[in-house]
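Undergrad: Got a structure for you, questions after.
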Amino acid sequence: MGEGIGFGKSILFGEHFVVYGLPALAAGISSKTVAYVSRSKDLGWRLDDRRPEVPGYKAKKRDEQVVSINNVIQAAGIDLSDMGIFIEYEGDLVGASGFGASAASCVSLARALNEEFRLGYDDDKINEIAFEGEKGYHGTPSGIDNTVSTFGGLIWYIRDLEGGPPTFEKMKLEDSIHLTVASTGLTASTTEVVMAVRTMKEEDPKWFDEIASEYHELVHEARDALLRLDIDRVGALMNRNHELLQELTVSCKELDEMVETARNSGAIGSKVTGTGRGGNMISVTPDTKTQKQVSDALEEWGSPFVYNTTFGL
Ligand code: MEV
């Protein structure tokens with residue numbers, strides 16, 4: 001049996017903007033999906049998906065998941081016309097929009113196939129295969145989710161708009177930063193939300209360019225502030241990034257309420273993370289005590305899943 005893992009992720013700066021070639025910053029989280037692949041007598045593939053989920057997540061993603069698994073198998077160079085495989089997913093990464101659960105499943109599957117069929121692929125190739133899988137979830141993925149899911153850590157990422165390999169850099173900070181990730185409990189369709197932003201961008205390019213140009217300055221400043229461990233500045237920039245995402249219409253009532261709740265209980269910065277219109281939000285806090293205050297407040301608000309972690313080291 002082959003086994004593989006894929007990390008969950010949290011986008012700190014740059015969801016949606018990253019699709020259009022602007023830089024983004026994202027961090028791996030320690031929760032992961034584990035995939036197992038074993039050979040079976042039946043032709044094709046069968047799946048037992050035991051990942052924990054917020055209610056409805058797996059059902060909503062089921063059709064896309066089928067396309068995604070087919071893409072991964074094909075990109076890995078496995079031909080199932082005269083053999084079969086049994087795929088199992090488990091692990092502690094919750095299936096919920098915003099954690100990178102779809103990318104983590106693609107990465108873990110690519111790794112499990114690599115092990116079972118002794119393909120000898122390195123992490124760059126695993127990342128490439130997982131990117132094909134991500135296309136099952138939405139047609140124009142930036143590739144940031146599968147990259148963070150493959151490599152973990154803190155990543156500065158720029159998509160190549162010509163379809164070439166992305167530019168990404170693993171960053172290390174001198175200390176870790178406290179991060180809280182919380183789910184609205186609402187499953188968002190990345191395809192639909194990315195498409196909605198694209199349509200608005202095409203209808204009013206000037207409107208989009210003004211927001212994107214502010215974001216471009218903001219993300220470079222965020223990178224510098226992170227490297228200086230200037231948490232107050234990082235927080236302020238996250239708050240502004242949230243406003244820019246509100247202008248792109250990817251926040252929603254629940255996300256805005258959660259962001260307010262987190263800020264009122266001590267978060268220095270708080271914003272949407274990932275697709276938006278549901279999914280998750282994140283908060284940065286100065287210490288463990290404040291992090292606990294924020295996560296308690298978000299649980300009290302009604303978030304079905306709140307996760308405290310750190311990033312940067
Ligand atoms: C989804 O986690 C992040 C988006 O920017 C889409 C992408 O980067 O492919 C919304």
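Chain labels follow the order of the structure tokens: the first chain is A, the next B, and so on; residue numbering restarts at 1 in every chain, and ligands are counted from 1 in their shown order.
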What's the 12 Å shell around Glu299 (chain A), counting only C-alpha atoms, without same-chain residues fewer than 2 positions away, as a compact mmCIF listing (two decimals) with all heavy atoms, in the first residue's frame?

TA:
```txt
# COMPACT_ATOMS: atom_id res chain seq x y z
N THR A 180 -4.91 32.22 14.13
CA THR A 180 -6.16 31.49 14.37
C THR A 180 -6.92 31.41 13.05
O THR A 180 -7.07 32.42 12.37
CB THR A 180 -7.03 32.22 15.43
OG1 THR A 180 -6.28 32.28 16.64
CG2 THR A 180 -8.33 31.48 15.69
N VAL A 181 -7.34 30.20 12.70
CA VAL A 181 -8.13 30.01 11.48
C VAL A 181 -9.52 29.53 11.93
O VAL A 181 -9.61 28.62 12.75
CB VAL A 181 -7.52 28.92 10.57
CG1 VAL A 181 -8.20 28.91 9.21
CG2 VAL A 181 -6.03 29.10 10.41
N ALA A 182 -10.57 30.15 11.42
CA ALA A 182 -11.91 29.73 11.84
C ALA A 182 -12.84 29.65 10.64
O ALA A 182 -12.78 30.47 9.72
CB ALA A 182 -12.47 30.72 12.86
N SER A 183 -13.69 28.62 10.69
CA SER A 183 -14.60 28.36 9.57
C SER A 183 -15.96 29.00 9.82
O SER A 183 -16.47 28.97 10.94
CB SER A 183 -14.74 26.85 9.43
OG SER A 183 -15.80 26.53 8.58
N THR A 184 -16.56 29.53 8.74
CA THR A 184 -17.95 30.00 8.84
C THR A 184 -18.91 28.80 8.89
O THR A 184 -20.06 28.95 9.28
CB THR A 184 -18.36 30.81 7.59
OG1 THR A 184 -18.12 30.00 6.43
CG2 THR A 184 -17.60 32.11 7.47
N GLY A 185 -18.43 27.65 8.42
CA GLY A 185 -19.30 26.48 8.29
C GLY A 185 -19.98 26.44 6.93
O GLY A 185 -20.68 25.48 6.60
N MET A 258 -17.39 37.63 11.92
CA MET A 258 -16.30 36.90 12.59
C MET A 258 -15.04 37.76 12.70
O MET A 258 -14.34 37.75 13.70
CB MET A 258 -16.01 35.60 11.84
CG MET A 258 -17.11 34.57 12.00
SD MET A 258 -16.87 33.16 10.91
CE MET A 258 -15.63 32.23 11.79
N THR A 261 -15.63 40.16 15.45
CA THR A 261 -15.57 39.44 16.73
C THR A 261 -14.11 39.24 17.13
O THR A 261 -13.73 39.47 18.28
CB THR A 261 -16.27 38.06 16.59
OG1 THR A 261 -17.60 38.29 16.15
CG2 THR A 261 -16.27 37.27 17.88
N ALA A 262 -13.29 38.80 16.18
CA ALA A 262 -11.88 38.54 16.47
C ALA A 262 -11.17 39.83 16.87
O ALA A 262 -10.43 39.87 17.86
CB ALA A 262 -11.21 37.91 15.25
N LYS A 292 -6.08 32.59 22.55
CA LYS A 292 -7.14 31.79 23.18
C LYS A 292 -8.42 32.63 23.31
O LYS A 292 -9.52 32.14 23.04
CB LYS A 292 -6.61 31.29 24.54
CG LYS A 292 -7.60 30.62 25.45
CD LYS A 292 -7.55 29.10 25.28
CE LYS A 292 -8.43 28.34 26.25
NZ LYS A 292 -9.84 28.62 26.20
N GLN A 293 -8.25 33.91 23.71
CA GLN A 293 -9.42 34.81 23.82
C GLN A 293 -10.15 34.89 22.48
O GLN A 293 -11.37 34.81 22.42
CB GLN A 293 -8.93 36.23 24.13
CG GLN A 293 -8.95 36.63 25.58
CD GLN A 293 -8.13 37.92 25.75
OE1 GLN A 293 -7.28 37.95 26.60
NE2 GLN A 293 -8.35 38.96 24.94
N VAL A 294 -9.35 35.03 21.40
CA VAL A 294 -9.95 35.18 20.06
C VAL A 294 -10.64 33.88 19.65
O VAL A 294 -11.79 33.89 19.18
CB VAL A 294 -8.86 35.59 19.03
CG1 VAL A 294 -9.35 35.45 17.61
CG2 VAL A 294 -8.39 37.01 19.31
N SER A 295 -9.97 32.75 19.87
CA SER A 295 -10.59 31.49 19.43
C SER A 295 -11.85 31.19 20.25
O SER A 295 -12.85 30.71 19.72
CB SER A 295 -9.60 30.33 19.42
OG SER A 295 -9.03 30.14 20.66
N ASP A 296 -11.81 31.54 21.57
CA ASP A 296 -13.02 31.34 22.39
C ASP A 296 -14.17 32.20 21.86
O ASP A 296 -15.31 31.74 21.75
CB ASP A 296 -12.76 31.72 23.85
CG ASP A 296 -11.91 30.67 24.57
OD1 ASP A 296 -11.69 29.58 23.99
OD2 ASP A 296 -11.45 30.94 25.70
N ALA A 297 -13.84 33.45 21.52
CA ALA A 297 -14.90 34.37 21.04
C ALA A 297 -15.49 33.86 19.72
O ALA A 297 -16.70 33.95 19.48
CB ALA A 297 -14.32 35.77 20.86
N TRP A 301 -19.23 32.77 18.91
CA TRP A 301 -19.99 33.33 17.77
C TRP A 301 -20.73 32.22 17.04
O TRP A 301 -21.79 32.44 16.44
CB TRP A 301 -19.02 34.05 16.82
CG TRP A 301 -19.71 34.57 15.58
CD1 TRP A 301 -20.32 35.77 15.43
CD2 TRP A 301 -19.89 33.87 14.34
NE1 TRP A 301 -20.86 35.87 14.17
CE2 TRP A 301 -20.62 34.72 13.48
CE3 TRP A 301 -19.51 32.60 13.87
CZ2 TRP A 301 -20.96 34.35 12.18
CZ3 TRP A 301 -19.86 32.23 12.57
CH2 TRP A 301 -20.58 33.10 11.74
N GLY A 302 -20.17 30.99 17.07
CA GLY A 302 -20.83 29.87 16.42
C GLY A 302 -20.01 29.21 15.34
O GLY A 302 -20.54 28.39 14.56
N SER A 303 -18.70 29.52 15.29
CA SER A 303 -17.87 28.85 14.27
C SER A 303 -17.78 27.36 14.59
O SER A 303 -17.43 26.98 15.71
CB SER A 303 -16.46 29.46 14.25
OG SER A 303 -15.62 28.64 13.47
N PRO A 304 -18.05 26.49 13.61
CA PRO A 304 -18.01 25.05 13.88
C PRO A 304 -16.59 24.51 13.95
O PRO A 304 -16.38 23.38 14.39
CB PRO A 304 -18.74 24.44 12.68
CG PRO A 304 -18.56 25.44 11.60
CD PRO A 304 -18.48 26.79 12.25
N PHE A 305 -15.61 25.32 13.53
CA PHE A 305 -14.25 24.80 13.58
C PHE A 305 -13.27 25.96 13.72
O PHE A 305 -13.16 26.81 12.84
CB PHE A 305 -13.94 24.00 12.31
CG PHE A 305 -12.69 23.22 12.47
CD1 PHE A 305 -12.66 22.06 13.21
CD2 PHE A 305 -11.50 23.69 11.93
CE1 PHE A 305 -11.47 21.36 13.41
CE2 PHE A 305 -10.31 22.99 12.12
CZ PHE A 305 -10.30 21.83 12.86
N VAL A 306 -12.57 25.97 14.85
CA VAL A 306 -11.59 27.02 15.12
C VAL A 306 -10.26 26.34 15.41
O VAL A 306 -10.21 25.36 16.16
CB VAL A 306 -12.00 27.89 16.33
CG1 VAL A 306 -11.03 29.04 16.52
CG2 VAL A 306 -13.42 28.42 16.17
N TYR A 307 -9.21 26.86 14.80
CA TYR A 307 -7.92 26.15 14.83
C TYR A 307 -6.82 27.14 15.19
O TYR A 307 -6.64 28.15 14.50
CB TYR A 307 -7.73 25.59 13.42
CG TYR A 307 -6.47 24.82 13.19
CD1 TYR A 307 -6.39 23.47 13.49
CD2 TYR A 307 -5.36 25.46 12.63
CE1 TYR A 307 -5.22 22.77 13.25
CE2 TYR A 307 -4.19 24.75 12.39
CZ TYR A 307 -4.14 23.41 12.70
OH TYR A 307 -2.99 22.72 12.45
N ASN A 308 -6.12 26.89 16.30
CA ASN A 308 -5.00 27.76 16.70
C ASN A 308 -3.69 27.15 16.28
O ASN A 308 -3.43 25.98 16.54
CB ASN A 308 -4.99 27.96 18.22
CG ASN A 308 -6.03 28.98 18.66
OD1 ASN A 308 -6.40 29.86 17.88
ND2 ASN A 308 -6.51 28.86 19.87
```

Undergrad: Neighbours of Ser38 (chain A) within 7 Å (only C-alpha atoms; same-chain residues fewer than 2 positions away dropped), as an mmCIF file with N, CA and C atoms, in the first residue's frame?

TA:
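Below you can see result_33.cif, which holds the result:
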```cif
data_model
loop_
_atom_site.group_PDB
_atom_site.id
_atom_site.type_symbol
_atom_site.label_atom_id
_atom_site.label_comp_id
_atom_site.auth_asym_id
_atom_site.auth_seq_id
_atom_site.Cartn_x
_atom_site.Cartn_y
_atom_site.Cartn_z
ATOM 1 N N MET A 1 0.841 -1.210 0.000
ATOM 2 C CA MET A 1 0.000 0.000 0.000
ATOM 3 C C MET A 1 0.872 1.255 0.000
ATOM 4 N N GLY A 2 0.529 2.249 -0.831
ATOM 5 C CA GLY A 2 1.265 3.514 -0.848
ATOM 6 C C GLY A 2 0.569 4.532 0.047
ATOM 7 N N TYR A 36 -4.119 6.820 1.194
ATOM 8 C CA TYR A 36 -3.582 5.465 1.024
ATOM 9 C C TYR A 36 -4.057 4.970 -0.333
ATOM 10 N N SER A 40 -6.529 -3.056 -6.408
ATOM 11 C CA SER A 40 -7.727 -3.880 -6.215
ATOM 12 C C SER A 40 -8.054 -4.602 -7.519
ATOM 13 N N ILE A 85 -7.539 0.566 -8.458
ATOM 14 C CA ILE A 85 -6.947 0.992 -7.192
ATOM 15 C C ILE A 85 -8.050 1.403 -6.216
ATOM 16 N N PHE A 86 -7.726 1.247 -4.938
ATOM 17 C CA PHE A 86 -8.624 1.663 -3.869
ATOM 18 C C PHE A 86 -7.943 2.827 -3.153
ATOM 19 N N ILE A 87 -8.625 3.962 -3.125
ATOM 20 C CA ILE A 87 -8.058 5.168 -2.506
ATOM 21 C C ILE A 87 -8.771 5.412 -1.179
#
```

Undergrad: Restricting the calculation to only C-alpha atoms and all ligand atoms: of A:Val197, A:Met171, A:Ile5, A:Leu298, which residue gets closest to ligand 1?

TA: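 Of A:Val197, A:Met171, A:Ile5, A:Leu298, the one nearest ligand 1, counting only C-alpha atoms and all ligand atoms, is A:Val197.
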
Undergrad: In Å, rounded to a single decimal, give me how far CA of Asp160 (chain A) is from CA of Ile126 (chain A).

TA: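 The value is 18.3 Å.
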
Undergrad: How would you report the residues lying within 9 Å of ligand 1, as a VMD selection string, if you count only C-alpha atoms and all ligand atoms?

TA: chain A and resid 9 to 11 14 to 20 24 97 to 100 103 134 to 135 138 to 145 159 190 to 191 193 to 194 273 to 276

Undergrad: Please, could you write that set of residues out with C-alpha atoms as a compact mmCIF listing (two decimals), in the first residue's frame?

TA:
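The resulting file, out32.txt, is shown below:
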```txt
# COMPACT_ATOMS: atom_id res chain seq x y z
CA LYS A 9 -2.88 25.93 4.12
CA SER A 10 -3.90 29.38 5.03
CA ILE A 11 -3.51 32.34 2.66
CA GLY A 14 -3.46 37.67 -1.74
CA GLU A 15 -6.34 35.27 -2.40
CA HIS A 16 -7.97 36.13 -5.75
CA PHE A 17 -5.22 38.66 -6.60
CA VAL A 18 -2.82 35.71 -6.97
CA VAL A 19 -4.93 34.34 -9.84
CA TYR A 20 -3.95 37.45 -11.86
CA ALA A 24 0.67 36.18 -2.35
CA SER A 97 -13.55 25.74 2.32
CA GLY A 98 -10.43 27.74 3.12
CA PHE A 99 -8.11 25.11 4.61
CA GLY A 100 -6.80 23.96 1.26
CA ALA A 103 -5.19 20.71 -2.67
CA GLU A 134 -6.62 21.26 -8.52
CA LYS A 135 -7.93 22.03 -12.02
CA HIS A 138 -11.56 25.10 -10.55
CA GLY A 139 -10.39 25.64 -14.07
CA THR A 140 -7.84 28.37 -13.39
CA PRO A 141 -6.12 27.60 -10.07
CA SER A 142 -3.18 29.86 -9.27
CA GLY A 143 -1.29 26.86 -7.90
CA ILE A 144 -0.70 28.47 -4.51
CA ASP A 145 -2.78 25.89 -2.61
CA ARG A 159 1.85 32.61 -10.62
CA THR A 190 -14.00 28.24 -5.63
CA THR A 191 -15.03 27.90 -9.30
CA VAL A 193 -16.34 32.79 -6.68
CA VAL A 194 -13.22 33.01 -8.89
CA THR A 273 -8.69 33.62 3.86
CA GLY A 274 -9.06 31.56 0.69
CA THR A 275 -12.05 31.67 -1.61
CA GLY A 276 -14.44 33.72 0.57
```

Undergrad: Skip Ser189 (chain A) itself and residues of its chain fewer than 6 positions away, then list as a list in words all residues within 12 Å of it, counting only C-alpha atoms.

TA: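 Result of the neighbour search: Tyr57, Lys58, Lys60, Lys61, Arg62, Asp63, Glu64, Ala96, Ser97, Gly98, Ser102, Gly136, Tyr137, His138, Gly139, Met195, Ala196, Val250, Gly274, Thr275, Gly276, Arg277, Gly278 and Gly279 of chain A.
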
Undergrad: Only N, CA, C and O atoms, please: the residues just picked out, written as an mmCIF file, in the first residue's frame.

TA:
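Output file part21.cif is given in full below:
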```cif
data_model
loop_
_atom_site.group_PDB
_atom_site.id
_atom_site.type_symbol
_atom_site.label_atom_id
_atom_site.label_comp_id
_atom_site.auth_asym_id
_atom_site.auth_seq_id
_atom_site.Cartn_x
_atom_site.Cartn_y
_atom_site.Cartn_z
ATOM 1 N N TYR A 57 -19.761 19.499 3.127
ATOM 2 C CA TYR A 57 -18.584 19.824 2.299
ATOM 3 C C TYR A 57 -18.341 18.757 1.233
ATOM 4 O O TYR A 57 -18.198 19.064 0.045
ATOM 5 N N LYS A 58 -18.280 17.476 1.675
ATOM 6 C CA LYS A 58 -17.899 16.424 0.709
ATOM 7 C C LYS A 58 -18.970 16.261 -0.372
ATOM 8 O O LYS A 58 -18.647 16.095 -1.547
ATOM 9 N N LYS A 60 -20.962 18.520 -1.523
ATOM 10 C CA LYS A 60 -20.914 19.656 -2.457
ATOM 11 C C LYS A 60 -19.733 19.531 -3.425
ATOM 12 O O LYS A 60 -19.812 19.951 -4.580
ATOM 13 N N LYS A 61 -18.634 18.925 -2.959
ATOM 14 C CA LYS A 61 -17.427 18.847 -3.791
ATOM 15 C C LYS A 61 -17.326 17.550 -4.590
ATOM 16 O O LYS A 61 -16.361 17.344 -5.319
ATOM 17 N N ARG A 62 -18.285 16.645 -4.414
ATOM 18 C CA ARG A 62 -18.159 15.281 -4.950
ATOM 19 C C ARG A 62 -17.874 15.250 -6.468
ATOM 20 O O ARG A 62 -16.950 14.571 -6.923
ATOM 21 N N ASP A 63 -18.654 15.990 -7.267
ATOM 22 C CA ASP A 63 -18.465 15.928 -8.724
ATOM 23 C C ASP A 63 -17.081 16.434 -9.111
ATOM 24 O O ASP A 63 -16.398 15.859 -9.956
ATOM 25 N N GLU A 64 -16.682 17.547 -8.468
ATOM 26 C CA GLU A 64 -15.364 18.112 -8.767
ATOM 27 C C GLU A 64 -14.263 17.141 -8.331
ATOM 28 O O GLU A 64 -13.227 17.022 -8.992
ATOM 29 N N ALA A 96 -13.289 21.705 4.690
ATOM 30 C CA ALA A 96 -14.034 22.960 4.856
ATOM 31 C C ALA A 96 -13.376 23.930 3.900
ATOM 32 O O ALA A 96 -12.156 23.919 3.775
ATOM 33 N N SER A 97 -14.153 24.772 3.250
ATOM 34 C CA SER A 97 -13.549 25.738 2.321
ATOM 35 C C SER A 97 -12.562 26.618 3.078
ATOM 36 O O SER A 97 -12.889 27.122 4.148
ATOM 37 N N GLY A 98 -11.375 26.795 2.514
ATOM 38 C CA GLY A 98 -10.430 27.740 3.115
ATOM 39 C C GLY A 98 -9.215 27.088 3.742
ATOM 40 O O GLY A 98 -8.217 27.745 3.978
ATOM 41 N N SER A 102 -8.900 20.629 -0.660
ATOM 42 C CA SER A 102 -8.874 19.995 -1.980
ATOM 43 C C SER A 102 -7.429 19.811 -2.441
ATOM 44 O O SER A 102 -7.050 18.727 -2.901
ATOM 45 N N GLY A 136 -9.447 20.243 -11.361
ATOM 46 C CA GLY A 136 -10.774 19.625 -11.223
ATOM 47 C C GLY A 136 -11.677 20.471 -10.331
ATOM 48 O O GLY A 136 -12.897 20.448 -10.453
ATOM 49 N N TYR A 137 -11.073 21.198 -9.382
ATOM 50 C CA TYR A 137 -11.866 22.007 -8.445
ATOM 51 C C TYR A 137 -12.142 23.395 -8.983
ATOM 52 O O TYR A 137 -13.136 24.003 -8.642
ATOM 53 N N HIS A 138 -11.176 23.946 -9.719
ATOM 54 C CA HIS A 138 -11.557 25.099 -10.548
ATOM 55 C C HIS A 138 -10.580 25.247 -11.692
ATOM 56 O O HIS A 138 -9.404 24.937 -11.582
ATOM 57 N N GLY A 139 -11.118 25.699 -12.804
ATOM 58 C CA GLY A 139 -10.390 25.643 -14.066
ATOM 59 C C GLY A 139 -9.098 26.428 -14.101
ATOM 60 O O GLY A 139 -8.178 26.080 -14.820
ATOM 61 N N MET A 195 -14.822 32.841 -10.683
ATOM 62 C CA MET A 195 -15.498 33.260 -11.923
ATOM 63 C C MET A 195 -16.227 34.601 -11.743
ATOM 64 O O MET A 195 -16.177 35.465 -12.616
ATOM 65 N N ALA A 196 -16.871 34.768 -10.587
ATOM 66 C CA ALA A 196 -17.599 36.019 -10.325
ATOM 67 C C ALA A 196 -16.629 37.202 -10.310
ATOM 68 O O ALA A 196 -16.917 38.263 -10.882
ATOM 69 N N VAL A 250 -15.954 39.373 -2.072
ATOM 70 C CA VAL A 250 -15.769 37.973 -1.686
ATOM 71 C C VAL A 250 -15.914 37.750 -0.180
ATOM 72 O O VAL A 250 -15.783 36.620 0.288
ATOM 73 N N GLY A 274 -8.593 32.527 1.703
ATOM 74 C CA GLY A 274 -9.058 31.563 0.689
ATOM 75 C C GLY A 274 -10.157 32.157 -0.170
ATOM 76 O O GLY A 274 -10.224 33.370 -0.396
ATOM 77 N N THR A 275 -11.044 31.301 -0.616
ATOM 78 C CA THR A 275 -12.048 31.669 -1.610
ATOM 79 C C THR A 275 -12.994 32.783 -1.171
ATOM 80 O O THR A 275 -13.341 33.667 -1.951
ATOM 81 N N GLY A 276 -13.466 32.730 0.082
ATOM 82 C CA GLY A 276 -14.437 33.715 0.568
ATOM 83 C C GLY A 276 -15.873 33.342 0.244
ATOM 84 O O GLY A 276 -16.142 32.226 -0.221
ATOM 85 N N ARG A 277 -16.818 34.282 0.525
ATOM 86 C CA ARG A 277 -18.271 34.034 0.422
ATOM 87 C C ARG A 277 -18.618 32.741 1.166
ATOM 88 O O ARG A 277 -19.234 31.823 0.607
ATOM 89 N N GLY A 278 -18.161 32.669 2.412
ATOM 90 C CA GLY A 278 -18.191 31.440 3.205
ATOM 91 C C GLY A 278 -16.748 31.042 3.439
ATOM 92 O O GLY A 278 -15.847 31.884 3.305
ATOM 93 N N GLY A 279 -16.522 29.800 3.772
ATOM 94 C CA GLY A 279 -15.139 29.369 4.009
ATOM 95 C C GLY A 279 -14.599 29.930 5.310
ATOM 96 O O GLY A 279 -15.339 30.045 6.297
#
```

Undergrad: Which of region 41-272 of chain A counts as strand (DSSP E or B) under DSSP, as a VMD selection string please?

TA: chain A and resid 44 to 49 53 84 to 91 95 154 to 158 167 to 171 177 to 183 269 to 272

Undergrad: Please report the interatomic distance between CA of Glu247 (chain A) and CA of Gly235 (chain A) in Å with one decimal.

TA: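 Going from CA of Glu247 (chain A) over to CA of Gly235 (chain A) covers 18.7 Å.
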
Undergrad: From region 33-259 of chain A, collect each residue whose DSSP state is alpha helix (DSSP H) and return the set as a PyMOL selection string.

TA: chain A and resi 57-75+101-116+123-137+144-151+190-203+205-227+231-247+253-259

Undergrad: Which one of A:Ala112, A:Met83, A:Ile268, A:Ala35 sits closest to Pro286 (chain A) if you count only C-alpha atoms?

TA: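 Ranking A:Ala112, A:Met83, A:Ile268, A:Ala35 by distance to Pro286 (chain A), first place goes to A:Ile268.
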
Undergrad: Of the candidates A:Gly269, A:Pro166, A:Pro55, A:Pro205, which one gets nearest to Leu22 (chain A) if we count only C-alpha atoms?

TA: A:Pro166

Undergrad: Can you list, as a compact mmCIF listing (two decimals) with N, CA and C atoms, in the first residue's frame, every protein, DNA or RNA residue that comes within 8 Å of Gly153 (chain A) when you count only C-alpha atoms, leaving out same-chain residues fewer than 2 positions away?

TA:
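The resulting part_2.txt:
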```txt
# COMPACT_ATOMS: atom_id res chain seq x y z
N ALA A 27 0.74 30.26 4.37
CA ALA A 27 1.45 29.42 5.35
C ALA A 27 0.81 28.04 5.40
N GLY A 28 1.65 27.02 5.51
CA GLY A 28 1.14 25.67 5.72
C GLY A 28 0.67 25.55 7.16
N ILE A 29 -0.34 24.74 7.40
CA ILE A 29 -0.74 24.46 8.79
C ILE A 29 -0.42 22.99 9.05
N VAL A 148 1.72 25.19 -1.36
CA VAL A 148 1.85 25.22 0.11
C VAL A 148 1.57 23.82 0.68
N PHE A 151 4.86 21.76 0.04
CA PHE A 151 6.11 22.13 0.70
C PHE A 151 5.93 22.60 2.15
N ILE A 155 5.26 30.76 2.47
CA ILE A 155 5.63 30.83 1.04
C ILE A 155 5.18 32.14 0.39
N LYS A 170 10.53 29.97 -0.22
CA LYS A 170 10.20 29.61 1.17
C LYS A 170 10.82 30.65 2.08
N MET A 171 10.01 31.27 2.93
CA MET A 171 10.55 32.30 3.83
C MET A 171 10.62 31.76 5.25
N LYS A 172 11.65 32.19 5.97
CA LYS A 172 11.75 31.80 7.39
C LYS A 172 11.80 33.07 8.23
N PHE A 311 2.95 30.17 12.59
CA PHE A 311 3.67 30.01 11.32
C PHE A 311 4.95 30.83 11.37
N GLY A 312 5.85 30.53 10.46
CA GLY A 312 7.02 31.39 10.28
C GLY A 312 8.35 30.71 10.50
N LEU A 313 8.40 29.68 11.38
CA LEU A 313 9.71 29.08 11.68
C LEU A 313 10.04 27.94 10.72
```

Undergrad: Would you kindly return, as a PyMOL selection string, each protein, DNA or RNA residue with an atom no farther than 10 Å from any atom of Ile231 (chain A), considering only C-alpha atoms and excluding same-chain residues fewer than 6 positions away?

TA: chain A and resi 177-178+222+225+237+268-269+284-286

Undergrad: How would the residues just chosen look if you wrote them out with N, CA and C atoms as a compact mmCIF listing (two decimals), in the first residue's frame?

TA:
```txt
# COMPACT_ATOMS: atom_id res chain seq x y z
N ILE A 177 4.64 33.31 14.53
CA ILE A 177 3.52 34.25 14.73
C ILE A 177 2.26 33.43 14.99
N HIS A 178 1.45 33.89 15.96
CA HIS A 178 0.21 33.16 16.32
C HIS A 178 -0.88 33.41 15.28
N ALA A 222 3.76 43.95 3.43
CA ALA A 222 3.47 42.86 4.37
C ALA A 222 4.66 41.91 4.48
N ALA A 225 7.20 43.61 6.62
CA ALA A 225 6.75 43.66 8.03
C ALA A 225 6.86 42.27 8.68
N LEU A 237 -2.12 45.63 7.93
CA LEU A 237 -2.18 45.32 6.49
C LEU A 237 -3.20 44.20 6.21
N ILE A 268 -4.94 41.45 16.28
CA ILE A 268 -4.31 42.66 15.72
C ILE A 268 -4.72 42.81 14.26
N GLY A 269 -4.90 41.67 13.61
CA GLY A 269 -5.30 41.70 12.21
C GLY A 269 -6.22 40.52 11.95
N VAL A 284 -4.41 37.26 13.40
CA VAL A 284 -3.08 37.23 14.00
C VAL A 284 -3.19 37.87 15.38
N THR A 285 -2.55 37.23 16.36
CA THR A 285 -2.61 37.74 17.74
C THR A 285 -1.19 37.85 18.30
N PRO A 286 -0.98 38.71 19.31
CA PRO A 286 0.38 38.93 19.79
C PRO A 286 0.92 37.80 20.67
```

Undergrad: Which polymer residues have any atom within 9 Å of an atom of Ser30 (chain A), counting only C-alpha atoms, with same-chain residues fewer than 4 positions away left out, as a count of residues only?

TA: 6

Undergrad: Record the distance separating CA of Asp256 (chain A) and CA of Lys271 (chain A), expressed in Å with one decimal.

TA: 8.3 Å

Undergrad: Mind checking which residues fall within 8 Å of Val107 (chain A), counting only C-alpha atoms, ignoring those fewer than 2 positions away in the same chain, and posting them as a VMD selection string?

TA: chain A and resid 4 to 6 103 to 105 109 to 111 126 to 127 129 to 130 146 149 to 150
